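S.K.: Structure file entry06.tsv, TSV, C-alpha atoms and all ligand atoms, is pasted below:
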chain	number	residue	atom	x	y	z
A	1	MET	CA	8.84	24.00	-11.92
A	2	PRO	CA	5.20	23.04	-11.39
A	3	ASP	CA	2.54	25.79	-11.20
A	4	PHE	CA	1.53	24.51	-7.75
A	5	ASN	CA	2.83	22.06	-5.19
A	6	ALA	CA	0.58	19.14	-4.29
A	7	ALA	CA	0.30	19.17	-0.51
A	8	ILE	CA	-1.05	16.28	1.51
A	9	THR	CA	-3.63	18.04	3.67
A	10	GLY	CA	-5.04	14.99	5.43
A	11	VAL	CA	-4.60	11.26	5.84
A	12	GLN	CA	-6.94	8.60	7.16
A	13	GLY	CA	-6.87	4.83	7.47
A	14	TRP	CA	-9.40	2.16	8.21
A	15	VAL	CA	-9.00	-1.54	9.04
A	16	PRO	CA	-11.75	-4.10	9.60
A	17	GLU	CA	-12.53	-5.34	13.08
A	18	HIS	CA	-11.95	-9.07	12.58
A	19	VAL	CA	-8.47	-10.18	13.70
A	20	LEU	CA	-6.78	-13.30	12.29
A	21	THR	CA	-3.90	-14.26	14.59
A	22	ASN	CA	-0.95	-16.54	13.97
A	23	LYS	CA	-2.55	-18.94	16.45
A	24	ASP	CA	-5.70	-19.00	14.28
A	25	LEU	CA	-3.55	-19.82	11.26
A	26	GLU	CA	-1.96	-22.74	13.15
A	27	GLN	CA	-5.43	-24.32	13.09
A	28	MET	CA	-5.80	-23.76	9.35
A	29	VAL	CA	-2.45	-24.71	7.75
A	30	ASP	CA	0.82	-26.39	8.70
A	31	THR	CA	2.54	-23.39	10.27
A	32	ASN	CA	3.35	-21.95	13.65
A	33	ASP	CA	3.47	-18.61	15.41
A	34	GLU	CA	7.25	-18.73	15.87
A	35	TRP	CA	7.90	-19.30	12.15
A	36	ILE	CA	5.57	-16.51	11.09
A	37	ARG	CA	6.98	-14.00	13.60
A	38	SER	CA	10.61	-14.77	12.91
A	39	ARG	CA	10.29	-14.96	9.09
A	40	THR	CA	7.88	-12.06	8.56
A	41	GLY	CA	7.37	-10.06	11.76
A	42	ILE	CA	3.61	-10.52	11.47
A	43	VAL	CA	1.57	-11.29	14.59
A	44	GLU	CA	-1.95	-10.64	13.34
A	45	ARG	CA	-3.84	-9.22	10.38
A	46	ARG	CA	-7.37	-7.87	9.83
A	47	LEU	CA	-9.95	-9.47	7.55
A	48	LEU	CA	-13.07	-7.87	6.10
A	49	LYS	CA	-16.01	-10.12	6.91
A	50	GLY	CA	-19.62	-9.89	5.82
A	51	GLU	CA	-21.69	-10.92	2.84
A	52	GLY	CA	-21.00	-8.69	-0.15
A	53	LYS	CA	-18.46	-6.54	1.70
A	54	ALA	CA	-15.80	-5.32	-0.70
A	55	THR	CA	-12.79	-3.04	-1.08
A	56	SER	CA	-15.06	-0.03	-1.76
A	57	ASP	CA	-16.70	-0.50	1.66
A	58	MET	CA	-13.36	-0.08	3.39
A	59	ALA	CA	-12.70	3.00	1.24
A	60	VAL	CA	-16.09	4.47	2.20
A	61	GLU	CA	-14.93	4.28	5.84
A	62	ALA	CA	-11.45	5.71	5.19
A	63	VAL	CA	-12.42	8.45	2.74
A	64	GLY	CA	-15.63	9.34	4.62
A	65	ARG	CA	-13.58	9.93	7.78
A	66	LEU	CA	-10.92	11.81	5.79
A	67	LEU	CA	-13.52	14.28	4.50
A	68	GLU	CA	-14.94	14.81	7.99
A	69	LYS	CA	-11.48	15.33	9.41
A	70	THR	CA	-10.39	17.81	6.73
A	71	LYS	CA	-13.84	19.48	6.63
A	72	VAL	CA	-13.91	19.25	2.86
A	73	ALA	CA	-17.30	19.09	1.17
A	74	LYS	CA	-18.06	15.98	-0.87
A	75	GLU	CA	-19.04	18.03	-3.92
A	76	ASP	CA	-15.62	19.74	-3.96
A	77	ILE	CA	-13.72	16.54	-4.72
A	78	ASP	CA	-12.51	16.58	-8.35
A	79	LEU	CA	-10.77	13.24	-8.73
A	80	VAL	CA	-10.28	9.88	-6.98
A	81	VAL	CA	-7.28	7.72	-7.91
A	82	PHE	CA	-7.82	4.29	-6.38
A	83	ALA	CA	-4.87	1.90	-6.11
A	84	THR	CA	-6.02	-1.69	-5.70
A	85	VAL	CA	-5.53	-5.22	-6.99
A	86	THR	CA	-8.80	-6.32	-5.44
A	87	PRO	CA	-11.43	-4.17	-7.15
A	88	ASP	CA	-15.04	-4.88	-6.16
A	89	MET	CA	-15.48	-6.21	-9.69
A	90	VAL	CA	-13.27	-6.58	-12.77
A	91	MET	CA	-15.50	-3.84	-14.20
A	92	PRO	CA	-16.49	-1.11	-13.30
A	93	ASP	CA	-13.66	0.55	-11.43
A	94	THR	CA	-13.92	0.65	-7.64
A	95	ALA	CA	-13.22	4.40	-7.73
A	96	ASN	CA	-16.58	4.86	-9.50
A	97	THR	CA	-18.37	2.73	-6.92
A	98	LEU	CA	-16.73	4.67	-4.08
A	99	CYS	CA	-17.78	8.04	-5.59
A	100	ASP	CA	-21.36	6.79	-5.87
A	101	LYS	CA	-21.51	5.27	-2.36
A	102	LEU	CA	-20.02	8.40	-0.75
A	103	GLY	CA	-21.87	10.93	-2.90
A	104	LEU	CA	-18.77	12.48	-4.53
A	105	LYS	CA	-21.01	13.76	-7.30
A	106	ASN	CA	-18.55	16.03	-9.07
A	107	ALA	CA	-15.58	13.70	-8.98
A	108	PHE	CA	-14.34	11.41	-11.69
A	109	GLY	CA	-12.24	8.44	-10.69
A	110	PHE	CA	-10.28	5.49	-11.92
A	111	ASP	CA	-8.45	2.48	-10.54
A	112	LEU	CA	-4.71	2.04	-10.78
A	113	LYS	CA	-3.15	-1.39	-10.61
A	114	ALA	CA	0.44	-1.64	-9.51
A	115	ALA	CA	0.12	-4.27	-6.77
A	116	CYS	CA	2.09	-3.34	-3.64
A	117	SER	CA	3.47	-0.22	-5.38
A	118	GLY	CA	-0.06	0.99	-6.13
A	119	PHE	CA	-0.10	3.82	-3.62
A	120	ILE	CA	3.21	5.36	-4.67
A	121	TYR	CA	2.19	5.22	-8.34
A	122	ALA	CA	-1.23	6.69	-7.46
A	123	ILE	CA	0.06	9.57	-5.34
A	124	THR	CA	2.45	10.46	-8.15
A	125	VAL	CA	-0.39	10.43	-10.69
A	126	GLY	CA	-2.76	12.39	-8.43
A	127	SER	CA	-0.07	15.01	-7.73
A	128	GLN	CA	0.39	15.73	-11.43
A	129	PHE	CA	-3.23	16.92	-11.74
A	130	ILE	CA	-2.66	19.33	-8.84
A	131	GLN	CA	0.72	20.55	-10.05
A	132	THR	CA	-0.65	21.52	-13.47
A	133	GLY	CA	-3.49	23.45	-11.84
A	134	MET	CA	-6.09	21.23	-13.50
A	135	TYR	CA	-7.71	20.05	-10.24
A	136	LYS	CA	-7.84	21.39	-6.69
A	137	LYS	CA	-8.97	18.42	-4.58
A	138	VAL	CA	-7.70	14.96	-5.37
A	139	ILE	CA	-8.17	11.89	-3.20
A	140	VAL	CA	-5.65	9.08	-3.49
A	141	VAL	CA	-6.76	5.76	-2.04
A	142	GLY	CA	-4.82	2.55	-1.43
A	143	GLY	CA	-7.09	-0.30	-0.44
A	144	ASP	CA	-7.14	-4.04	-0.75
A	145	LYS	CA	-9.33	-6.88	0.44
A	146	MET	CA	-6.50	-9.38	0.05
A	147	SER	CA	-8.58	-12.06	1.80
A	148	SER	CA	-10.66	-12.26	-1.41
A	149	ILE	CA	-7.68	-13.49	-3.46
A	150	ILE	CA	-5.76	-15.50	-0.86
A	151	ASP	CA	-5.86	-19.27	-0.62
A	152	TYR	CA	-6.31	-20.11	3.07
A	153	GLU	CA	-4.92	-23.57	2.30
A	154	ASP	CA	-1.58	-22.16	1.05
A	155	ARG	CA	0.75	-21.51	3.98
A	156	ALA	CA	3.21	-19.66	1.75
A	157	THR	CA	0.77	-16.78	1.23
A	158	CYS	CA	-2.10	-16.91	3.74
A	159	ILE	CA	0.12	-15.97	6.66
A	160	ILE	CA	1.26	-12.76	4.98
A	161	PHE	CA	-1.71	-10.78	3.74
A	162	GLY	CA	-4.47	-8.75	5.37
A	163	ASP	CA	-7.22	-6.28	4.47
A	164	GLY	CA	-7.19	-2.51	4.94
A	165	CYS	CA	-7.48	0.89	3.33
A	166	GLY	CA	-5.91	4.32	3.60
A	167	ALA	CA	-6.39	7.61	1.78
A	168	VAL	CA	-4.86	11.07	1.48
A	169	LEU	CA	-6.24	14.40	0.27
A	170	LEU	CA	-4.06	16.42	-2.10
A	171	GLU	CA	-4.56	20.16	-2.53
A	172	PRO	CA	-2.56	22.90	-4.27
A	173	THR	CA	-0.23	25.15	-2.30
A	174	GLN	CA	2.42	27.74	-3.13
A	175	GLU	CA	4.46	26.56	-0.12
A	176	GLU	CA	7.43	24.28	-0.73
A	177	VAL	CA	5.69	21.22	0.74
A	178	GLY	CA	3.94	18.12	-0.52
A	179	PHE	CA	4.91	15.88	-3.41
A	180	ARG	CA	8.49	16.70	-4.47
A	181	ASP	CA	9.82	13.90	-6.65
A	182	ALA	CA	9.37	10.24	-7.57
A	183	ILE	CA	11.29	7.43	-9.21
A	184	LEU	CA	8.91	4.73	-10.39
A	185	LYS	CA	9.98	1.48	-12.03
A	186	SER	CA	8.46	-1.63	-13.50
A	187	ASP	CA	9.84	-4.85	-14.98
A	188	GLY	CA	7.40	-7.36	-16.41
A	189	ALA	CA	10.04	-10.08	-16.31
A	190	GLY	CA	9.15	-10.37	-12.63
A	191	ARG	CA	5.62	-11.53	-13.41
A	192	GLU	CA	6.55	-15.20	-13.05
A	193	TYR	CA	7.21	-14.83	-9.31
A	194	LEU	CA	4.01	-13.18	-8.12
A	195	TYR	CA	0.71	-13.53	-9.96
A	196	ILE	CA	-2.85	-14.78	-10.08
A	197	LYS	CA	-3.13	-17.30	-12.88
A	198	ALA	CA	-6.85	-17.27	-13.63
A	199	GLY	CA	-9.51	-14.61	-13.94
A	200	GLY	CA	-7.83	-12.44	-16.57
A	201	SER	CA	-8.10	-12.51	-20.36
A	202	LYS	CA	-5.28	-15.07	-20.64
A	203	VAL	CA	-6.95	-17.71	-18.48
A	204	PRO	CA	-10.60	-16.77	-17.88
A	205	THR	CA	-12.22	-18.32	-14.84
A	206	THR	CA	-13.78	-21.74	-15.44
A	207	PRO	CA	-14.92	-24.48	-13.06
A	208	GLU	CA	-11.55	-26.18	-13.77
A	209	THR	CA	-9.49	-23.12	-12.83
A	210	ALA	CA	-11.53	-22.77	-9.64
A	211	LEU	CA	-10.95	-26.42	-8.76
A	212	ALA	CA	-7.22	-25.92	-9.32
A	213	ARG	CA	-7.42	-22.86	-6.99
A	214	GLU	CA	-5.96	-20.66	-9.71
A	215	GLN	CA	-8.01	-17.61	-8.68
A	216	TYR	CA	-5.61	-17.11	-5.78
A	217	VAL	CA	-2.26	-15.35	-5.40
A	218	PHE	CA	0.85	-17.39	-6.16
A	219	GLN	CA	4.18	-16.17	-4.81
A	220	ASP	CA	7.69	-17.54	-5.11
A	221	GLY	CA	8.89	-15.63	-2.05
A	222	ARG	CA	12.69	-15.87	-2.19
A	223	PRO	CA	13.34	-14.13	-5.54
A	224	VAL	CA	10.75	-11.49	-4.65
A	225	PHE	CA	12.49	-10.89	-1.32
A	226	LYS	CA	15.88	-10.36	-2.98
A	227	ALA	CA	14.52	-8.12	-5.73
A	228	ALA	CA	12.54	-6.09	-3.18
A	229	VAL	CA	15.58	-5.25	-1.03
A	230	LYS	CA	17.79	-4.41	-4.02
A	231	GLY	CA	15.04	-2.45	-5.81
A	232	MET	CA	13.95	-0.30	-2.87
A	233	CYS	CA	17.51	0.48	-1.73
A	234	SER	CA	18.54	1.57	-5.19
A	235	VAL	CA	15.57	3.89	-5.87
A	236	VAL	CA	15.70	5.49	-2.43
A	237	GLU	CA	19.43	6.18	-2.82
A	238	GLU	CA	18.93	7.64	-6.30
A	239	LEU	CA	16.03	9.80	-5.08
A	240	MET	CA	18.06	11.18	-2.15
A	241	GLN	CA	21.06	11.84	-4.37
A	242	ARG	CA	19.19	13.73	-7.06
A	243	ASN	CA	17.42	15.85	-4.43
A	244	GLY	CA	20.67	16.64	-2.62
A	245	LEU	CA	19.61	14.84	0.56
A	246	THR	CA	21.76	12.83	2.92
A	247	LYS	CA	20.24	10.24	5.25
A	248	ASP	CA	20.36	12.84	8.03
A	249	ASP	CA	18.09	15.15	6.01
A	250	VAL	CA	15.40	12.45	5.82
A	251	ALA	CA	13.06	12.45	8.83
A	252	TRP	CA	11.13	9.28	7.96
A	253	VAL	CA	11.11	6.40	5.52
A	254	ILE	CA	7.73	4.74	5.03
A	255	PRO	CA	8.38	1.38	3.41
A	256	HIS	CA	5.77	-1.01	2.04
A	257	GLN	CA	5.05	-3.57	4.76
A	258	ALA	CA	5.71	-6.95	3.12
A	259	ASN	CA	8.16	-8.51	5.54
A	260	GLN	CA	9.93	-7.10	8.58
A	261	ARG	CA	13.16	-8.72	7.39
A	262	ILE	CA	12.87	-6.85	4.07
A	263	ILE	CA	12.25	-3.58	5.94
A	264	LYS	CA	15.31	-4.16	8.15
A	265	ALA	CA	17.48	-5.12	5.17
A	266	VAL	CA	16.44	-1.91	3.36
A	267	ALA	CA	17.19	0.15	6.50
A	268	ASN	CA	20.61	-1.52	6.74
A	269	GLY	CA	21.29	-0.98	3.05
A	270	LEU	CA	20.48	2.72	3.42
A	271	LYS	CA	22.34	2.94	6.77
A	272	MET	CA	19.14	4.44	8.16
A	273	PRO	CA	18.32	3.85	11.86
A	274	MET	CA	15.13	1.83	12.47
A	275	GLU	CA	13.82	4.77	14.57
A	276	LYS	CA	13.21	6.62	11.30
A	277	ILE	CA	11.36	3.73	9.66
A	278	THR	CA	7.63	3.19	10.15
A	279	VAL	CA	6.69	-0.42	10.93
A	280	ASN	CA	3.19	-1.72	11.66
A	281	ILE	CA	3.38	-5.05	9.84
A	282	HIS	CA	2.96	-6.92	13.14
A	283	LYS	CA	-0.64	-5.63	13.39
A	284	TYR	CA	-1.88	-5.69	9.82
A	285	GLY	CA	0.38	-7.95	7.74
A	286	ASN	CA	0.75	-7.00	4.10
A	287	THR	CA	-2.30	-5.02	2.99
A	288	THR	CA	-0.81	-4.42	-0.49
A	289	ALA	CA	-1.83	-0.90	-1.70
A	290	ALA	CA	-2.88	0.11	1.82
A	291	THR	CA	0.36	-0.38	3.75
A	292	ILE	CA	1.86	3.06	3.09
A	293	PRO	CA	-1.24	5.20	3.75
A	294	LEU	CA	-1.97	3.10	6.87
A	295	CYS	CA	1.54	3.91	8.15
A	296	MET	CA	1.10	7.61	7.27
A	297	TRP	CA	-2.15	7.60	9.23
A	298	GLU	CA	-0.62	5.96	12.30
A	299	TRP	CA	2.48	8.19	12.28
A	300	GLU	CA	0.65	11.43	11.36
A	301	ASP	CA	1.05	12.89	14.88
A	302	LYS	CA	4.81	12.37	14.79
A	303	PHE	CA	5.36	14.12	11.45
A	304	LYS	CA	6.36	17.79	11.59
A	305	LYS	CA	5.84	20.46	8.97
A	306	GLY	CA	8.81	20.42	6.61
A	307	ASP	CA	9.86	16.83	7.35
A	308	ASN	CA	11.38	15.06	4.35
A	309	ILE	CA	9.58	11.72	4.08
A	310	ILE	CA	10.40	8.97	1.60
A	311	LEU	CA	7.79	6.40	0.63
A	312	THR	CA	9.10	3.23	-0.98
A	313	ALA	CA	7.48	0.04	-2.21
A	314	PHE	CA	8.07	-3.12	-4.18
A	315	GLY	CA	5.49	-5.53	-5.51
A	316	GLY	CA	4.04	-7.76	-8.17
A	317	GLY	CA	4.84	-6.85	-11.76
A	318	PHE	CA	7.54	-6.28	-10.71
A	319	THR	CA	6.73	-2.70	-9.77
A	320	TRP	CA	8.71	-0.53	-7.41
A	321	GLY	CA	9.75	2.99	-6.64
A	322	ALA	CA	10.25	5.79	-4.17
A	323	VAL	CA	8.46	9.10	-3.62
A	324	LEU	CA	9.81	12.14	-1.77
A	325	ILE	CA	7.30	14.29	0.06
A	326	LYS	CA	7.73	17.24	2.41
A	327	TRP	CA	5.15	17.08	5.18
A	328	GLY	CA	2.83	20.08	5.03
A	329	TYR	CA	1.21	20.43	8.43
B	401	LIG	O1	4.42	-7.37	-1.10
B	401	LIG	C1	4.67	-7.88	-2.35
B	401	LIG	C2	6.03	-8.37	-2.48
B	401	LIG	N1	6.23	-9.54	-1.67
B	401	LIG	C3	7.25	-9.65	-0.85
B	401	LIG	O2	8.02	-8.72	-0.74
B	401	LIG	C4	7.44	-10.94	-0.13
B	401	LIG	C5	8.86	-11.43	-0.30
B	401	LIG	N2	9.12	-12.74	0.28
B	401	LIG	C6	9.03	-13.01	1.61
B	401	LIG	O3	8.65	-12.18	2.40
B	401	LIG	C7	9.48	-14.37	2.09
B	401	LIG	O4	10.13	-15.01	1.02
B	401	LIG	C8	8.34	-15.28	2.62
B	401	LIG	C9	7.81	-14.72	3.92
B	401	LIG	C10	7.23	-15.34	1.59
B	401	LIG	C11	8.88	-16.67	2.89
B	401	LIG	O5	9.99	-16.60	3.78
B	401	LIG	P1	11.36	-17.32	3.42
B	401	LIG	O6	12.26	-17.10	4.55
B	401	LIG	O7	11.81	-16.81	2.08
B	401	LIG	O8	10.94	-18.83	3.37
B	401	LIG	P2	11.05	-19.87	2.18
B	401	LIG	O9	9.96	-19.65	1.19
B	401	LIG	O10	12.44	-19.90	1.67
B	401	LIG	O11	10.77	-21.20	2.95
B	401	LIG	C12	11.63	-21.69	3.99
B	401	LIG	C13	11.04	-22.96	4.57
B	401	LIG	C14	10.58	-23.95	3.51
B	401	LIG	O12	10.83	-25.23	4.01
B	401	LIG	P3	12.15	-26.06	3.55
B	401	LIG	O13	12.03	-26.16	2.06
B	401	LIG	O14	13.30	-25.24	4.00
B	401	LIG	O15	11.96	-27.35	4.28
B	401	LIG	C15	9.10	-23.72	3.42
B	401	LIG	O16	8.39	-24.86	2.98
B	401	LIG	O17	9.88	-22.62	5.32
B	401	LIG	C16	8.75	-23.39	4.85
B	401	LIG	N3	7.56	-22.58	4.98
B	401	LIG	C17	6.83	-22.50	6.11
B	401	LIG	N4	6.95	-23.10	7.30
B	401	LIG	C18	6.04	-22.80	8.26
B	401	LIG	C19	6.99	-21.76	4.05
B	401	LIG	N5	5.92	-21.15	4.57
B	401	LIG	C20	5.79	-21.60	5.83
B	401	LIG	C21	4.86	-21.34	6.86
B	401	LIG	N6	5.04	-21.97	8.05
B	401	LIG	N7	3.84	-20.49	6.71
What would you get if you wrote out this structure as structure tokens?
Ligand code: UT7
M.R.:
Amino acid sequence: MPDFNAAITGVQGWVPEHVLTNKDLEQMVDTNDEWIRSRTGIVERRLLKGEGKATSDMAVEAVGRLLEKTKVAKEDIDLVVFATVTPDMVMPDTANTLCDKLGLKNAFGFDLKAACSGFIYAITVGSQFIQTGMYKKVIVVGGDKMSSIIDYEDRATCIIFGDGCGAVLLEPTQEEVGFRDAILKSDGAGREYLYIKAGGSKVPTTPETALAREQYVFQDGRPVFKAAVKGMCSVVEELMQRNGLTKDDVAWVIPHQANQRIIKAVANGLKMPMEKITVNIHKYGNTTAATIPLCMWEWEDKFKKGDNIILTAFGGGFTWGAVLIKWGY
């Protein structure tokens, strides 16, 4: 038993103003609104515009509002765990930049890279520091400026992704709420289906890699689709089973928003009615580490204290998993 439970005491999201619609994409690549809607469920996505604007700027908006909303002083924040695959820079970590920009003077922070599973890995990591009693105020951020790594000439990927950020505050409680359990998985054999070829230590960026557009995301969608459905169904089932929960005991499932067909297939696999599943992919597309906190933010008013909520994600790596939380307010 942990010394404390890690309660989520606030959630906040932020998305940029600029909207990229399916109709806009029709002008950019060989695609059409009907294909995008029927194959993905996406209608529009948000893009962060502006010279020098980066992932940390979206986090400043989300976390700044979160602190105002929860009335927590900046100097009381102990730790920031920042899930992202689009850090402002390869080095230093975006968490450090965020702490500096927001004035979180007493916090230390680090980035966590688990692609679309970033937020569920990060909330699990952040919760451990609360449960041991080591820290009292931990912020977990999921944010990605996917438009910085998407090739707007590649119709297989540019229709899917968008930019956004969400964050939660974790605090200790003796009540039986908050983070309860997690099953996290990874399998590096999946790396051939979803990756960015250049810009790492294996293939550093050169003029040639830039010409070959290798700084952008590559995805072989079909195998990822299949693995995502199988992976999420299996971890959610295992998580429910080992916590003695039936589907009727679960108030909400918050799945990563990668494709509406994936979400529906997971709901079918779990025999869970769509009314219990949060879906906002039509508005934001796939914002990678931000999809789950953005859903939590938009559904916050519907959650009731004591609700069992399962977060589940699947993404590049492969990485996947499921987290059980009990809503605390
Ligand atoms: O979040 C991280 C994890 N990622 C995921 O979970 C994503 C998983 N994969 C997917 O969501 C889907 O595989 C995609 C949305 C990426 C693609 O949908 P799909 O139904 O698997 O399509 P497909 O790749 O099998 O392509 C079907 C056809 C192809 O044409 P042919 O070969 O049948 O003639 C594609 O060339 O659709 C074509 N196509 C398009 N047509 C219009 C591919 N992209 C487009 C497009 N517009 N944007």
S.K.: Once you count only C-alpha atoms and all ligand atoms, what closest atom pair and distance in Å to one decimal does each residue of chain A within 6 Å of ligand LIG 401 (chain B) have, with rows by chain and rising residue number, as CSV?
M.R.:
residue,atom,partner,partner_atom,distance
A:Thr31,CA,B:LIG401,N6,3.6
A:Asn32,CA,B:LIG401,N6,5.8
A:Trp35,CA,B:LIG401,C18,5.6
A:Arg39,CA,B:LIG401,O6,5.4
A:Thr40,CA,B:LIG401,C9,5.3
A:Cys116,CA,B:LIG401,O1,5.3
A:Arg155,CA,B:LIG401,N7,4.2
A:Ala156,CA,B:LIG401,N5,4.2
A:Ile159,CA,B:LIG401,N7,5.9
A:Gly221,CA,B:LIG401,O4,3.4
A:Arg222,CA,B:LIG401,O4,4.2
A:Val224,CA,B:LIG401,C5,4.7
A:Phe225,CA,B:LIG401,C5,3.8
A:Ala228,CA,B:LIG401,O2,5.8
A:Ala258,CA,B:LIG401,O1,4.4
A:Asn259,CA,B:LIG401,O3,4.9
A:Phe314,CA,B:LIG401,C2,5.9
A:Gly315,CA,B:LIG401,C1,4.0
A:Gly316,CA,B:LIG401,C1,5.9
S.K.: Within 9 Å of stretch 284-296 of chain A, counting all atoms listed in the file, which residues qualify if same-chain residues fewer than 6 places away don't, as a PyMOL selection string?
M.R.: chain A and resi 11-15+19+40-46+83-85+114-120+141-146+159-168+254-259+278+303+311-313+315
S.K.: Contacts of A:Glu75 at 9 Å or less, counting all atoms listed in the file, minus same-chain residues fewer than 4 places along, as a list in words?
M.R.: Gly103, Leu104, Lys105, Asn106 and Ala107 of chain A
S.K.: Compile the contact shell of A:Lys230 as a list in words: residues with an atom at most 12 Å away, counting all atoms listed in the file, same-chain residues fewer than 3 positions apart removed.
M.R.: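 Non-adjacent residues within range: Pro223, Val224, Phe225, Lys226, Ala227, Cys233, Ser234, Val235, Val236, Glu237, Ile262, Ile263, Ala265, Val266, Ala267, Asn268, Gly269, Leu270, Thr312, Ala313, Phe314, Trp320 and Gly321 of chain A.
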S.K.: Rounded to one decimal in Å, what is the spacing between atom CA of A:Lys271 and atom CA of A:Ile183?
M.R.: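 Separation of atom CA of A:Lys271 and atom CA of A:Ile183: 19.9 Å.
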S.K.: Anything within 12 Å of (-19.4, -10.6, -1.3): list those residues as a ChimeraX atom specification, counting only C-alpha atoms and sticking to the file's coordinates.
M.R.: /A:48-57,87-89,145,147-148
S.K.: Tell me which protein, DNA and RNA residues are within 12 Å of A:Leu245, counting only C-alpha atoms, leaving out same-chain ones fewer than 6 positions away, and put them as a list in words.
M.R.: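 Contacts, in chain order: Val236, Glu237, Glu238, Leu239, Ala251, Asn308, Ile309, Ile310 and Leu324 of chain A.
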S.K.: At most 8 Å is the cut-off: for each residue in stretch 100-155 of chain A with any atom that close to an atom of stretch 199-219 of chain A, write down the nearest atom pair and the distance in Å rounded to one decimal, counting only C-alpha atoms, chain first then increasing number, as a tab-separated table.
M.R.:
residue	atom	partner	partner_atom	distance
A:Ile149	CA	A:Tyr216	CA	4.8
A:Ile150	CA	A:Tyr216	CA	5.2
A:Asp151	CA	A:Tyr216	CA	5.6
S.K.: Hey, what's within 10 Å of A:Ile325 if we count all atoms listed in the file and toss same-chain stuff fewer than 4 positions away? As a ChimeraX atom specification, please?
M.R.: /A:6-8,177-182,306-311
S.K.: Name the closest residue to A:Val63 among the candidates A:Met134, A:Ile123, A:Leu79, A:Val140; distances are taken between atoms, counting only C-alpha atoms.
M.R.: A:Val140
S.K.: In Å, with one decimal, what is the gap from atom CA of A:Leu20 to atom CA of A:Tyr152?
M.R.: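 Spanning atom CA of A:Leu20 to atom CA of A:Tyr152 is a straight-line distance of 11.5 Å.
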S.K.: Between atom CA of A:Lys276 and atom CA of A:Glu298, what is the distance, to one decimal in Å?
M.R.: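 Atom CA of A:Glu298 lies at a distance of 13.9 Å from atom CA of A:Lys276.
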S.K.: So, with only C-alpha atoms as the atoms that count, which of A:Gln128, A:Thr86, A:Thr173, A:Thr94 lies closest to A:Thr9?
M.R.: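 For A:Thr9, the nearest of the given residues is A:Thr173.
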S.K.: Please rebuild stretch 122-135 of chain A with N, CA and C atoms and return the result as a PDB file, in the coordinates of the input.
M.R.:
ATOM      1  N   ALA A 122       0.002   5.891  -7.466  1.00  0.00           N
ATOM      2  CA  ALA A 122      -1.230   6.690  -7.460  1.00  0.00           C
ATOM      3  C   ALA A 122      -1.008   8.099  -6.920  1.00  0.00           C
ATOM      4  N   ILE A 123      -0.166   8.233  -5.900  1.00  0.00           N
ATOM      5  CA  ILE A 123       0.060   9.570  -5.340  1.00  0.00           C
ATOM      6  C   ILE A 123       0.865  10.413  -6.342  1.00  0.00           C
ATOM      7  N   THR A 124       1.698   9.748  -7.105  1.00  0.00           N
ATOM      8  CA  THR A 124       2.450  10.460  -8.150  1.00  0.00           C
ATOM      9  C   THR A 124       1.489  10.934  -9.240  1.00  0.00           C
ATOM     10  N   VAL A 125       0.586  10.067  -9.656  1.00  0.00           N
ATOM     11  CA  VAL A 125      -0.390  10.430 -10.690  1.00  0.00           C
ATOM     12  C   VAL A 125      -1.304  11.551 -10.183  1.00  0.00           C
ATOM     13  N   GLY A 126      -1.853  11.383  -8.983  1.00  0.00           N
ATOM     14  CA  GLY A 126      -2.760  12.390  -8.430  1.00  0.00           C
ATOM     15  C   GLY A 126      -2.072  13.750  -8.314  1.00  0.00           C
ATOM     16  N   SER A 127      -0.804  13.751  -7.912  1.00  0.00           N
ATOM     17  CA  SER A 127      -0.070  15.010  -7.730  1.00  0.00           C
ATOM     18  C   SER A 127       0.087  15.777  -9.040  1.00  0.00           C
ATOM     19  N   GLN A 128       0.192  15.044 -10.147  1.00  0.00           N
ATOM     20  CA  GLN A 128       0.390  15.730 -11.430  1.00  0.00           C
ATOM     21  C   GLN A 128      -0.819  16.611 -11.765  1.00  0.00           C
ATOM     22  N   PHE A 129      -2.018  16.145 -11.448  1.00  0.00           N
ATOM     23  CA  PHE A 129      -3.230  16.920 -11.740  1.00  0.00           C
ATOM     24  C   PHE A 129      -3.291  18.199 -10.908  1.00  0.00           C
ATOM     25  N   ILE A 130      -2.708  18.139  -9.695  1.00  0.00           N
ATOM     26  CA  ILE A 130      -2.660  19.330  -8.840  1.00  0.00           C
ATOM     27  C   ILE A 130      -1.580  20.286  -9.347  1.00  0.00           C
ATOM     28  N   GLN A 131      -0.425  19.705  -9.670  1.00  0.00           N
ATOM     29  CA  GLN A 131       0.720  20.550 -10.050  1.00  0.00           C
ATOM     30  C   GLN A 131       0.448  21.354 -11.320  1.00  0.00           C
ATOM     31  N   THR A 132      -0.347  20.801 -12.223  1.00  0.00           N
ATOM     32  CA  THR A 132      -0.650  21.520 -13.470  1.00  0.00           C
ATOM     33  C   THR A 132      -1.751  22.549 -13.254  1.00  0.00           C
ATOM     34  N   GLY A 133      -2.396  22.509 -12.099  1.00  0.00           N
ATOM     35  CA  GLY A 133      -3.490  23.450 -11.840  1.00  0.00           C
ATOM     36  C   GLY A 133      -4.822  22.954 -12.368  1.00  0.00           C
ATOM     37  N   MET A 134      -4.851  21.733 -12.896  1.00  0.00           N
ATOM     38  CA  MET A 134      -6.090  21.230 -13.500  1.00  0.00           C
ATOM     39  C   MET A 134      -7.159  20.948 -12.439  1.00  0.00           C
ATOM     40  N   TYR A 135      -6.752  20.367 -11.295  1.00  0.00           N
ATOM     41  CA  TYR A 135      -7.710  20.050 -10.240  1.00  0.00           C
ATOM     42  C   TYR A 135      -7.217  20.575  -8.890  1.00  0.00           C
TER      43      TYR A 135
END
